[in-house]
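The data block below is my_file.cif; it holds mmCIF, C-alpha atoms.
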```
data_target
loop_
_atom_site.label_atom_id
_atom_site.label_comp_id
_atom_site.auth_asym_id
_atom_site.auth_seq_id
_atom_site.Cartn_x
_atom_site.Cartn_y
_atom_site.Cartn_z
CA MET A 1 0.00 0.00 0.00
CA ARG A 2 2.83 2.34 0.89
CA ALA A 3 4.58 1.52 -2.37
CA LEU A 4 1.45 2.48 -4.30
CA ARG A 5 1.37 5.81 -2.49
CA TYR A 6 4.98 6.46 -3.46
CA ILE A 7 4.29 5.54 -7.08
CA ALA A 8 1.26 7.83 -7.15
CA ALA A 9 3.30 10.67 -5.65
CA ILE A 10 6.05 10.13 -8.23
CA LEU A 11 3.55 10.18 -11.11
CA VAL A 12 1.81 13.34 -9.88
CA LEU A 13 5.11 15.15 -9.32
CA ALA A 14 6.50 13.86 -12.63
CA SER A 15 3.51 15.33 -14.47
CA GLY A 16 4.35 18.72 -12.99
CA PHE A 17 8.03 18.42 -13.89
CA HIS A 18 7.08 17.23 -17.37
CA LEU A 19 4.85 20.24 -18.05
CA ALA A 20 7.40 22.62 -16.55
CA SER A 21 10.10 21.15 -18.81
CA ILE A 22 7.90 21.52 -21.90
CA TRP A 23 7.16 25.15 -20.92
CA LEU A 24 10.84 25.87 -20.38
CA MET A 25 12.16 24.27 -23.59
CA PRO A 26 11.46 27.04 -26.12
CA ARG A 27 12.76 29.61 -23.63
CA VAL A 28 15.94 27.63 -23.03
CA MET A 29 16.45 27.07 -26.77
CA LEU A 30 16.04 30.75 -27.61
CA ALA A 31 18.27 31.71 -24.69
CA GLY A 32 20.87 29.24 -25.98
CA PHE A 33 20.67 30.81 -29.44
CA THR A 34 21.04 34.37 -28.14
CA THR A 35 23.76 33.43 -25.67
CA THR A 36 25.76 31.76 -28.45
CA LEU A 37 25.51 34.92 -30.53
CA GLN A 38 26.52 37.08 -27.56
CA ILE A 39 29.52 34.86 -26.82
CA ASP A 40 30.49 35.34 -30.47
CA GLY A 41 30.46 39.10 -29.87
CA THR A 42 26.96 40.13 -30.93
CA PRO A 43 25.98 43.25 -28.96
CA LEU A 44 22.43 43.83 -27.71
CA ASN A 45 20.12 46.24 -29.56
CA THR A 46 22.28 46.21 -32.68
CA MET A 47 21.44 44.70 -36.06
CA ILE A 48 24.02 42.20 -37.24
CA HIS A 49 24.19 40.81 -40.78
CA PRO A 50 25.48 37.23 -40.98
CA ASP A 51 26.45 35.67 -44.29
CA ARG A 52 23.91 33.75 -46.34
CA ARG A 53 23.10 30.42 -44.66
CA SER A 54 25.00 27.37 -45.86
CA ALA A 55 25.70 23.81 -44.74
CA ASP A 56 28.60 25.14 -42.65
CA ASP A 57 26.22 27.16 -40.48
CA ARG A 58 25.10 25.76 -37.14
CA THR A 59 23.51 28.85 -35.63
CA ILE A 60 19.87 27.95 -36.02
CA VAL A 61 17.96 24.88 -37.17
CA ARG A 62 16.30 24.74 -40.57
CA PRO A 63 17.43 28.07 -41.97
CA SER A 64 16.26 29.11 -45.42
CA PRO A 65 19.22 29.19 -47.83
CA ASP A 66 17.25 31.59 -50.03
CA MET A 67 17.12 34.42 -47.51
CA PHE A 68 19.50 36.90 -46.04
CA TYR A 69 18.92 36.99 -42.29
CA SER A 70 19.85 39.96 -40.14
CA ILE A 71 19.42 39.69 -36.39
CA CYS A 72 18.94 42.09 -33.50
CA LEU A 73 18.98 40.71 -29.96
CA PHE A 74 16.77 43.22 -28.21
CA ASP A 75 16.73 44.10 -24.51
CA LEU A 76 13.97 46.48 -23.42
CA SER A 77 15.03 46.75 -19.78
CA ALA A 78 16.50 50.22 -20.39
CA GLY A 79 13.59 51.36 -22.57
CA PRO A 80 12.12 50.94 -26.04
CA VAL A 81 14.08 49.90 -29.09
CA ARG A 82 13.74 51.48 -32.52
CA ILE A 83 13.97 49.58 -35.82
CA ALA A 84 14.38 51.68 -38.93
CA THR A 85 14.94 50.91 -42.57
CA ALA A 86 16.21 53.09 -45.37
CA SER A 87 15.31 52.41 -48.97
CA MET A 88 14.55 48.70 -49.35
CA PRO A 89 14.60 46.49 -52.45
CA GLY A 90 11.47 45.33 -54.26
CA THR A 91 11.94 41.70 -53.24
CA TYR A 92 10.12 40.05 -50.33
CA TRP A 93 11.42 41.15 -46.96
CA SER A 94 10.00 41.13 -43.47
CA LEU A 95 10.93 42.29 -40.01
CA SER A 96 9.58 40.05 -37.28
CA GLY A 97 9.79 40.06 -33.50
CA PHE A 98 10.09 36.97 -31.35
CA ALA A 99 9.51 36.91 -27.61
CA ALA A 100 11.56 34.85 -25.16
CA ASN A 101 9.11 31.94 -25.57
CA THR A 102 9.62 32.11 -29.41
CA ASP A 103 6.13 33.56 -30.11
CA ASN A 104 6.13 35.79 -33.19
CA PHE A 105 4.62 38.99 -31.75
CA PHE A 106 4.84 41.18 -34.83
CA VAL A 107 5.65 41.13 -38.53
CA VAL A 108 6.08 44.03 -40.92
CA ASN A 109 6.74 43.20 -44.56
CA ASP A 110 7.53 44.93 -47.83
CA ARG A 111 3.88 45.03 -48.92
CA GLN A 112 2.87 46.79 -45.73
CA ALA A 113 5.78 49.20 -46.07
CA GLY A 114 4.56 50.04 -49.57
CA GLY A 115 8.00 51.07 -50.76
CA ARG A 116 8.47 53.57 -47.92
CA PRO A 117 11.13 53.32 -45.20
CA ILE A 118 9.74 52.13 -41.90
CA ASP A 119 10.50 53.32 -38.40
CA ILE A 120 8.98 51.30 -35.59
CA LEU A 121 9.23 51.46 -31.83
CA ILE A 122 9.12 48.32 -29.69
CA ASN A 123 8.47 48.41 -25.99
CA HIS A 124 7.88 45.87 -23.27
CA ARG A 125 4.22 45.18 -22.65
CA GLY A 126 4.54 45.92 -18.93
CA GLN A 127 6.40 49.18 -19.44
CA GLY A 128 3.92 50.18 -22.12
CA ARG A 129 1.05 49.77 -19.66
CA ALA A 130 2.96 51.72 -17.04
CA GLN A 131 3.39 54.54 -19.54
CA GLY A 132 -0.29 54.61 -20.46
CA GLY A 133 -0.10 52.09 -23.28
CA SER A 134 0.89 54.53 -25.99
CA GLY A 135 4.01 55.47 -27.83
CA ALA A 136 5.12 52.13 -29.22
CA ASP A 137 4.12 50.37 -32.40
CA TYR A 138 4.53 46.89 -30.96
CA TYR A 139 4.73 45.48 -27.45
CA SER A 140 6.90 42.51 -26.58
CA PRO A 141 5.56 40.13 -23.96
CA SER A 142 9.14 39.59 -22.75
CA MET A 143 11.94 41.97 -21.91
CA ARG A 144 14.35 40.20 -24.22
CA GLY A 145 13.90 38.60 -27.58
CA VAL A 146 14.96 38.60 -31.20
CA ILE A 147 14.18 40.82 -34.17
CA LEU A 148 14.76 39.05 -37.47
CA LEU A 149 15.04 40.61 -40.91
CA ARG A 150 14.42 38.20 -43.76
CA MET A 151 15.26 39.28 -47.29
CA LEU A 152 14.60 37.02 -50.26
CA ILE A 153 17.47 36.37 -52.65
CA GLU A 154 15.65 35.54 -55.87
CA ASP A 155 18.73 36.00 -58.03
CA ASP A 156 22.31 35.48 -56.86
CA LEU A 157 23.31 38.42 -59.05
CA ASP A 158 21.32 40.68 -56.69
CA MET A 159 23.18 39.57 -53.57
CA SER A 160 25.47 42.56 -53.38
CA MET A 161 22.58 45.02 -53.76
CA LEU A 162 20.46 43.18 -51.17
CA ASP A 163 23.36 42.94 -48.75
CA GLY A 164 23.90 46.67 -49.04
CA ALA A 165 20.22 47.37 -48.39
CA ARG A 166 20.03 45.26 -45.27
CA HIS A 167 23.12 46.95 -43.85
CA ASN A 168 21.05 50.14 -43.76
CA VAL A 169 18.52 48.59 -41.36
CA VAL A 170 19.24 49.72 -37.83
CA CYS A 171 18.20 48.48 -34.41
CA ARG A 172 19.08 50.77 -31.50
CA PRO A 173 17.82 52.05 -28.15
CA ALA A 174 15.16 54.68 -28.72
CA LYS A 175 16.63 57.08 -26.17
CA MET B 1 15.86 11.31 8.60
CA ARG B 2 14.57 8.28 6.76
CA ALA B 3 11.38 10.12 5.81
CA LEU B 4 13.45 12.96 4.39
CA GLY B 5 15.49 10.48 2.37
CA THR B 6 12.33 8.88 1.00
CA PHE B 7 10.89 12.28 0.14
CA LEU B 8 14.04 13.30 -1.73
CA LEU B 9 14.09 9.98 -3.56
CA VAL B 10 10.47 10.44 -4.67
CA VAL B 11 11.18 13.99 -5.87
CA PHE B 12 14.32 12.89 -7.70
CA ALA B 13 12.54 10.01 -9.42
CA ALA B 14 9.70 12.33 -10.43
CA LEU B 15 12.17 14.92 -11.73
CA VAL B 16 14.00 12.37 -13.87
CA LEU B 17 10.74 10.88 -15.16
CA GLY B 18 9.24 14.31 -15.91
CA VAL B 19 12.27 15.73 -17.70
CA VAL B 20 13.10 12.57 -19.66
CA SER B 21 9.50 12.14 -20.81
CA ALA B 22 9.39 15.82 -21.89
CA VAL B 23 12.59 15.51 -23.90
CA TYR B 24 11.37 12.24 -25.43
CA VAL B 25 8.12 13.82 -26.59
CA VAL B 26 9.78 16.89 -28.07
CA VAL B 27 12.57 14.92 -29.78
CA ASN B 28 10.36 12.20 -31.19
CA VAL B 29 7.41 14.24 -32.36
CA GLU B 30 8.22 15.91 -35.70
CA ILE B 31 5.61 18.61 -35.33
CA ALA B 32 2.25 18.98 -33.67
CA PRO B 33 0.29 18.60 -36.93
CA ASP B 34 -3.29 19.57 -37.47
CA ILE B 35 -2.92 19.47 -41.26
CA ARG B 36 -1.79 16.33 -43.10
CA LEU B 37 -1.57 16.27 -46.89
CA GLY B 38 0.17 13.16 -48.21
CA ALA B 39 3.66 13.19 -46.74
CA TRP B 40 3.35 16.84 -45.72
CA GLN B 41 2.20 18.06 -42.36
CA SER B 42 1.82 21.41 -40.68
CA SER B 43 0.27 23.21 -37.76
CA GLN B 44 -1.89 26.29 -38.00
CA HIS B 45 -0.40 27.58 -34.75
CA ILE B 46 3.27 27.80 -35.74
CA GLY B 47 4.73 31.06 -34.44
CA SER B 48 1.44 31.99 -32.84
CA SER B 49 0.72 32.81 -29.22
CA GLU B 50 -2.12 30.31 -29.63
CA ALA B 51 0.40 27.50 -30.00
CA GLY B 52 0.09 25.07 -27.12
CA LEU B 53 2.91 24.07 -24.79
CA TYR B 54 3.88 21.08 -26.89
CA GLY B 55 3.50 22.77 -30.26
CA ARG B 56 5.69 25.67 -29.19
CA ALA B 57 8.40 23.34 -27.83
CA VAL B 58 8.44 21.15 -30.93
CA VAL B 59 8.61 24.13 -33.29
CA ALA B 60 11.43 25.66 -31.22
CA ARG B 61 13.41 22.46 -31.71
CA THR B 62 12.69 21.89 -35.38
CA GLY B 63 12.22 25.39 -36.79
CA MET B 64 12.79 28.17 -34.28
CA LEU B 65 11.82 31.73 -35.25
CA ALA B 66 9.07 30.60 -37.61
CA LEU B 67 6.63 33.24 -38.84
CA LYS B 68 2.90 33.36 -38.23
CA ARG B 69 0.85 31.65 -40.91
CA GLU B 70 -0.45 34.92 -42.38
CA GLU B 71 3.16 35.66 -43.35
CA ALA B 72 4.43 32.17 -44.16
CA VAL B 73 2.98 28.67 -44.01
CA TYR B 74 5.37 25.81 -43.37
CA PHE B 75 4.89 22.17 -44.29
CA THR B 76 7.32 19.45 -43.28
CA ALA B 77 7.86 16.03 -44.87
CA SER B 78 10.04 13.35 -43.35
CA THR B 79 8.50 10.46 -45.31
CA ASP B 80 7.66 9.74 -48.93
CA ASP B 81 4.06 9.46 -50.11
CA ALA B 82 4.04 5.77 -49.21
CA GLY B 83 4.85 6.65 -45.61
CA TRP B 84 8.45 5.40 -45.56
CA ALA B 85 11.05 7.59 -43.85
CA LEU B 86 13.16 9.65 -46.26
CA THR B 87 16.70 8.27 -46.33
CA SER B 88 19.80 9.12 -48.34
CA SER B 89 20.07 5.46 -49.33
CA CYS B 90 17.20 6.00 -51.76
CA ARG B 91 16.44 8.32 -54.68
CA TYR B 92 13.24 10.32 -54.84
CA SER B 93 11.36 12.40 -57.34
CA VAL B 94 9.47 15.45 -56.14
CA VAL B 95 6.71 16.50 -58.52
CA GLY B 96 4.42 19.48 -58.15
CA ALA B 97 2.92 22.59 -59.65
CA ASP B 98 3.09 26.26 -58.85
CA MET B 99 1.62 26.84 -55.42
CA PRO B 100 -0.81 29.55 -54.29
CA ALA B 101 1.65 31.90 -52.65
CA ARG B 102 3.74 34.88 -53.61
CA TRP B 103 6.89 32.78 -53.42
CA TRP B 104 7.67 29.24 -52.27
CA SER B 105 10.62 26.95 -51.70
CA VAL B 106 11.32 23.31 -50.87
CA THR B 107 14.47 22.89 -48.78
CA VAL B 108 16.22 19.68 -47.73
CA TYR B 109 17.68 19.21 -44.24
CA GLY B 110 19.80 16.51 -42.64
CA PRO B 111 18.94 14.52 -39.52
CA ASP B 112 20.28 17.37 -37.39
CA TYR B 113 17.92 19.85 -39.12
CA TYR B 114 20.81 21.75 -40.71
CA LEU B 115 21.47 22.15 -44.44
CA ILE B 116 23.18 19.19 -46.09
CA PRO B 117 26.50 19.94 -47.83
CA SER B 118 25.90 20.06 -51.56
CA GLU B 119 28.43 19.94 -54.38
CA ALA B 120 26.53 22.68 -56.18
CA ASN B 121 25.65 24.64 -53.01
CA LYS B 122 22.07 23.94 -54.00
CA TYR B 123 19.93 23.34 -50.95
CA SER B 124 16.45 24.10 -52.22
CA TYR B 125 14.13 24.15 -55.20
CA THR B 126 12.11 27.35 -55.49
CA LYS B 127 9.44 29.12 -57.44
CA THR B 128 12.26 31.10 -59.02
CA ASP B 129 13.83 27.85 -60.33
CA MET B 130 10.51 26.77 -61.81
CA GLN B 131 9.93 30.12 -63.48
CA ALA B 132 13.48 30.13 -64.84
CA ALA B 133 12.63 26.86 -66.57
CA GLY B 134 9.57 28.54 -68.11
CA GLN B 135 7.21 26.06 -66.48
CA GLN B 136 4.13 26.10 -64.29
CA ASP B 137 5.02 22.77 -62.75
CA PHE B 138 8.24 21.08 -61.67
CA LEU B 139 10.08 17.83 -61.16
CA PHE B 140 13.34 17.47 -59.30
CA GLU B 141 15.29 14.60 -57.86
CA LEU B 142 16.77 13.89 -54.46
CA ALA B 143 19.78 11.62 -54.65
CA ARG B 144 23.31 11.26 -53.29
CA THR B 145 24.71 10.66 -56.77
CA GLY B 146 23.62 11.04 -60.36
CA GLY B 147 21.87 13.72 -62.35
CA ALA B 148 18.46 15.25 -62.47
CA VAL B 149 15.50 13.42 -63.86
CA GLY B 150 13.63 16.63 -64.57
CA GLN B 151 14.04 20.21 -65.58
CA GLY B 152 15.81 22.76 -63.43
CA SER B 153 18.58 22.20 -60.95
CA PRO B 154 18.42 19.05 -58.92
CA VAL B 155 18.48 19.33 -55.16
CA MET B 156 21.19 16.90 -54.23
CA ILE B 157 21.74 15.29 -50.89
CA SER B 158 25.27 14.34 -51.88
CA GLY B 159 26.85 15.51 -48.65
CA ASN B 160 24.63 13.30 -46.60
CA ARG B 161 26.18 10.09 -45.37
CA ALA B 162 24.59 6.90 -46.63
CA ASP B 163 21.47 5.80 -44.84
CA ALA B 164 20.96 9.17 -43.17
CA ALA B 165 17.46 10.39 -42.52
CA PHE B 166 16.49 13.72 -44.03
CA SER B 167 13.47 15.95 -44.20
CA MET B 168 12.04 18.68 -46.38
CA VAL B 169 10.38 21.96 -45.51
CA LEU B 170 7.98 23.62 -47.92
CA ARG B 171 7.63 27.36 -47.27
CA LEU B 172 4.78 29.39 -48.71
CA TYR B 173 5.46 33.10 -48.28
CA HIS B 174 2.46 35.42 -48.40
CA PRO B 175 0.09 32.52 -48.99
CA ASP B 176 -3.14 33.13 -50.89
CA ALA B 177 -6.37 33.22 -48.89
CA LEU B 178 -7.10 29.66 -50.03
CA VAL B 179 -4.06 28.37 -48.14
CA LEU B 180 -5.27 29.94 -44.91
CA GLU B 181 -8.94 29.10 -45.30
CA ARG B 182 -8.78 25.63 -46.89
CA PRO B 183 -5.27 24.22 -46.31
CA ASP B 184 -6.71 20.72 -46.73
CA ALA B 185 -7.56 21.58 -50.36
CA LEU B 186 -3.94 22.28 -51.32
CA ALA B 187 -2.14 20.17 -53.91
CA LEU B 188 1.35 19.76 -52.48
CA PRO B 189 4.36 18.13 -54.19
CA GLN B 190 4.33 14.35 -54.48
CA ILE B 191 7.37 12.52 -53.14
CA THR B 192 8.01 9.17 -54.82
CA ASN B 193 10.74 6.65 -54.06
CA LEU B 194 12.64 5.79 -57.27
CA GLY B 195 14.70 3.01 -55.74
CA CYS B 196 17.22 2.34 -52.99
CA GLY B 197 20.71 1.01 -52.67
#
```
In structure tokens, write the structure found in this file.
Amino acid sequence: MRALRYIAAILVLASGFHLASIWLMPRVMLAGFTTTLQIDGTPLNTMIHPDRRSADDRTIVRPSPDMFYSICLFDLSAGPVRIATASMPGTYWSLSGFAANTDNFFVVNDRQAGGRPIDILINHRGQGRAQGGSGADYYSPSMRGVILLRMLIEDDLDMSMLDGARHNVVCRPAK
Amino acid sequence: MRALGTFLLVVFAALVLGVVSAVYVVVNVEIAPDIRLGAWQSSQHIGSSEAGLYGRAVVARTGMLALKREEAVYFTASTDDAGWALTSSCRYSVVGADMPARWWSVTVYGPDYYLIPSEANKYSYTKTDMQAAGQQDFLFELARTGGAVGQGSPVMISGNRADAAFSMVLRLYHPDALVLERPDALALPQITNLGCG
């Protein structure tokens, strides 16, 4: 009888640990990704522009080899972050924000931009509420996360032009 | 003292069981699919805050930083149309037609979910490849050796070791309304085994 009680206690506790582990996994994986980039010298709140993905790359699983990716590891603890583009190419591109749990909390793409430069402000959801809920274009549910710029390379001959355009996208503290 | 030891033992056993079972589920479940079309499967909640605990964990492992479906729809195939796991020991044909999206691609990944080394640095077949061939449909081959059976550039898996599992991801960027409203009505590429060994 006592053994059954122990087994029941183990199963109940294991269910809790199981769910907690599942909840933690995306957060741990994203933290691992951002920590790896930081160890490699990537500063916070700065857009970096890695080379086109290839078989040599081990930064992130299942990358698209047909896109340029630029990455900004954002940290909103000191205030909002601004993302701004200059003139962008006519190909598909998108800027997307990912919270610490990997949820995609915003996307802005070339169609929405309509050929105009964009300038967006991202704040933490809690800070936004504290400041009356205004002033930012998008609110992140977490203090830290990732902004990703995807830019389609339809023709390898355009790579130099596209690379130049993405280097004009900035991510920086708003203040 | 003995009661404390028993308590700690119970907690430790539960911790091991809980963590190991969580890792097992996330590692062994390809994706939390709610759409299955032949060999292809997808979830409508990829990238979304509506994704459940398990869906979010599986996507983080197999395709972190995926976009919401309004921006891009992702389908994954790790088997052929007959249901057999894709392996570099076999050759496959992938046959399809233009898909209802602004742009699409089919990319091949190794068992570790990274790109497979390719002699031609060709990792994917895309809408651009199909259009360059002047076609509205396509046929390409997956093989470790040999040439293409169809038009356009073949996607080779030449860098893959023999008998290695691989998978494919179909990305539909800016999908048409049909893709979002009736994903089950899509005609996705057919994956046929051409022979093994």
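For the pair CA of Ser167 in chain B and CA of Pro111 in chain B, the separation is 7.3 Å.
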Per residue of chain B within 8 Å of chain A, note the shortest atom pair and the distance in Å to one decimal, counting all atoms listed in the file, and order the rows by chain and increasing residue number, as JSON lines.
```
{"residue": "B:Val10", "atom": "CA", "partner": "A:Ile10", "partner_atom": "CA", "distance": 5.7}
{"residue": "B:Val11", "atom": "CA", "partner": "A:Ile10", "partner_atom": "CA", "distance": 6.8}
{"residue": "B:Ala13", "atom": "CA", "partner": "A:Ile10", "partner_atom": "CA", "distance": 6.6}
{"residue": "B:Ala14", "atom": "CA", "partner": "A:Ala14", "partner_atom": "CA", "distance": 4.2}
{"residue": "B:Leu15", "atom": "CA", "partner": "A:Phe17", "partner_atom": "CA", "distance": 5.8}
{"residue": "B:Val16", "atom": "CA", "partner": "A:Ala14", "partner_atom": "CA", "distance": 7.7}
{"residue": "B:Leu17", "atom": "CA", "partner": "A:Ala14", "partner_atom": "CA", "distance": 5.8}
{"residue": "B:Gly18", "atom": "CA", "partner": "A:His18", "partner_atom": "CA", "distance": 3.9}
{"residue": "B:Val19", "atom": "CA", "partner": "A:His18", "partner_atom": "CA", "distance": 5.4}
{"residue": "B:Val20", "atom": "CA", "partner": "A:His18", "partner_atom": "CA", "distance": 7.9}
{"residue": "B:Ser21", "atom": "CA", "partner": "A:His18", "partner_atom": "CA", "distance": 6.6}
{"residue": "B:Ala22", "atom": "CA", "partner": "A:His18", "partner_atom": "CA", "distance": 5.3}
{"residue": "B:Val23", "atom": "CA", "partner": "A:Ile22", "partner_atom": "CA", "distance": 7.9}
{"residue": "B:Val26", "atom": "CA", "partner": "A:Ile22", "partner_atom": "CA", "distance": 7.9}
{"residue": "B:Gly47", "atom": "CA", "partner": "A:Asn104", "partner_atom": "CA", "distance": 5.1}
{"residue": "B:Ser48", "atom": "CA", "partner": "A:Asp103", "partner_atom": "CA", "distance": 5.6}
{"residue": "B:Ser49", "atom": "CA", "partner": "A:Asp103", "partner_atom": "CA", "distance": 5.5}
{"residue": "B:Leu53", "atom": "CA", "partner": "A:Trp23", "partner_atom": "CA", "distance": 5.8}
{"residue": "B:Tyr54", "atom": "CA", "partner": "A:Ile22", "partner_atom": "CA", "distance": 6.4}
{"residue": "B:Arg56", "atom": "CA", "partner": "A:Pro26", "partner_atom": "CA", "distance": 6.7}
{"residue": "B:Ala57", "atom": "CA", "partner": "A:Pro26", "partner_atom": "CA", "distance": 5.1}
{"residue": "B:Ala60", "atom": "CA", "partner": "A:Pro26", "partner_atom": "CA", "distance": 5.3}
{"residue": "B:Arg61", "atom": "CA", "partner": "A:Met29", "partner_atom": "CA", "distance": 7.4}
{"residue": "B:Thr62", "atom": "CA", "partner": "A:Val61", "partner_atom": "CA", "distance": 6.3}
{"residue": "B:Gly63", "atom": "CA", "partner": "A:Arg62", "partner_atom": "CA", "distance": 5.6}
{"residue": "B:Met64", "atom": "CA", "partner": "A:Val61", "partner_atom": "CA", "distance": 6.8}
{"residue": "B:Leu65", "atom": "CA", "partner": "A:Thr102", "partner_atom": "CA", "distance": 6.3}
{"residue": "B:Ala66", "atom": "CA", "partner": "A:Asn104", "partner_atom": "CA", "distance": 7.4}
{"residue": "B:Leu67", "atom": "CA", "partner": "A:Asn104", "partner_atom": "CA", "distance": 6.2}
{"residue": "B:Lys68", "atom": "CA", "partner": "A:Asn104", "partner_atom": "CA", "distance": 6.5}
{"residue": "B:Glu71", "atom": "CA", "partner": "A:Val107", "partner_atom": "CA", "distance": 7.7}
{"residue": "B:Thr107", "atom": "CA", "partner": "A:Ser64", "partner_atom": "CA", "distance": 7.3}
{"residue": "B:Tyr109", "atom": "CA", "partner": "A:Arg62", "partner_atom": "CA", "distance": 6.8}
{"residue": "B:Asp112", "atom": "CA", "partner": "A:Val61", "partner_atom": "CA", "distance": 7.9}
{"residue": "B:Tyr113", "atom": "CA", "partner": "A:Arg62", "partner_atom": "CA", "distance": 5.4}
{"residue": "B:Tyr114", "atom": "CA", "partner": "A:Arg62", "partner_atom": "CA", "distance": 5.4}
{"residue": "B:Leu115", "atom": "CA", "partner": "A:Ala55", "partner_atom": "CA", "distance": 4.6}
{"residue": "B:Ile116", "atom": "CA", "partner": "A:Ala55", "partner_atom": "CA", "distance": 5.4}
{"residue": "B:Pro117", "atom": "CA", "partner": "A:Ala55", "partner_atom": "CA", "distance": 5.0}
{"residue": "B:Ser118", "atom": "CA", "partner": "A:Ala55", "partner_atom": "CA", "distance": 7.8}
{"residue": "B:Asn121", "atom": "CA", "partner": "A:Ser54", "partner_atom": "CA", "distance": 7.7}
{"residue": "B:Tyr123", "atom": "CA", "partner": "A:Pro65", "partner_atom": "CA", "distance": 6.7}
{"residue": "B:Ser124", "atom": "CA", "partner": "A:Pro65", "partner_atom": "CA", "distance": 7.3}
{"residue": "B:Thr128", "atom": "CA", "partner": "A:Glu154", "partner_atom": "CA", "distance": 6.4}
```
Residue by residue, what does the PyMOL selection byres ((chain A and resi 37) around 12) grab here? Present the result as an MDAnalysis selection string. chainID A and resid 30:36 38:44 46:50 58:60 71:73 146
Hey, which of B:Thr192, B:Ala72, B:Cys90, B:Ala187 ends up closest to Trp93 in chain A? Count only C-alpha atoms. B:Ala72
I need every residue sitting at most 10 Å from the point (14.0, 50.4, -33.8) (coordinates as in the file, only C-alpha atoms considered), written as a ChimeraX atom specification. /A:45-47,72,74,80-85,118-123,137,147,169-174
Please, could you write that set of residues out with C-alpha atoms as a PDB file, keeping the file's coordinate frame?
```pdb
ATOM      1  CA  ASN A  45      20.120  46.240 -29.560  1.00  0.00           C
ATOM      2  CA  THR A  46      22.280  46.210 -32.680  1.00  0.00           C
ATOM      3  CA  MET A  47      21.440  44.700 -36.060  1.00  0.00           C
ATOM      4  CA  CYS A  72      18.940  42.090 -33.500  1.00  0.00           C
ATOM      5  CA  PHE A  74      16.770  43.220 -28.210  1.00  0.00           C
ATOM      6  CA  PRO A  80      12.120  50.940 -26.040  1.00  0.00           C
ATOM      7  CA  VAL A  81      14.080  49.900 -29.090  1.00  0.00           C
ATOM      8  CA  ARG A  82      13.740  51.480 -32.520  1.00  0.00           C
ATOM      9  CA  ILE A  83      13.970  49.580 -35.820  1.00  0.00           C
ATOM     10  CA  ALA A  84      14.380  51.680 -38.930  1.00  0.00           C
ATOM     11  CA  THR A  85      14.940  50.910 -42.570  1.00  0.00           C
ATOM     12  CA  ILE A 118       9.740  52.130 -41.900  1.00  0.00           C
ATOM     13  CA  ASP A 119      10.500  53.320 -38.400  1.00  0.00           C
ATOM     14  CA  ILE A 120       8.980  51.300 -35.590  1.00  0.00           C
ATOM     15  CA  LEU A 121       9.230  51.460 -31.830  1.00  0.00           C
ATOM     16  CA  ILE A 122       9.120  48.320 -29.690  1.00  0.00           C
ATOM     17  CA  ASN A 123       8.470  48.410 -25.990  1.00  0.00           C
ATOM     18  CA  ASP A 137       4.120  50.370 -32.400  1.00  0.00           C
ATOM     19  CA  ILE A 147      14.180  40.820 -34.170  1.00  0.00           C
ATOM     20  CA  VAL A 169      18.520  48.590 -41.360  1.00  0.00           C
ATOM     21  CA  VAL A 170      19.240  49.720 -37.830  1.00  0.00           C
ATOM     22  CA  CYS A 171      18.200  48.480 -34.410  1.00  0.00           C
ATOM     23  CA  ARG A 172      19.080  50.770 -31.500  1.00  0.00           C
ATOM     24  CA  PRO A 173      17.820  52.050 -28.150  1.00  0.00           C
ATOM     25  CA  ALA A 174      15.160  54.680 -28.720  1.00  0.00           C
TER      26      ALA A 174
END
```
Find the residues near Ser43 in chain B: any atom within 6 Å, counting all atoms listed in the file, skip ones fewer than 3 places away on the same chain, and give them as a VMD selection string. chain B and resid 33 to 34 46
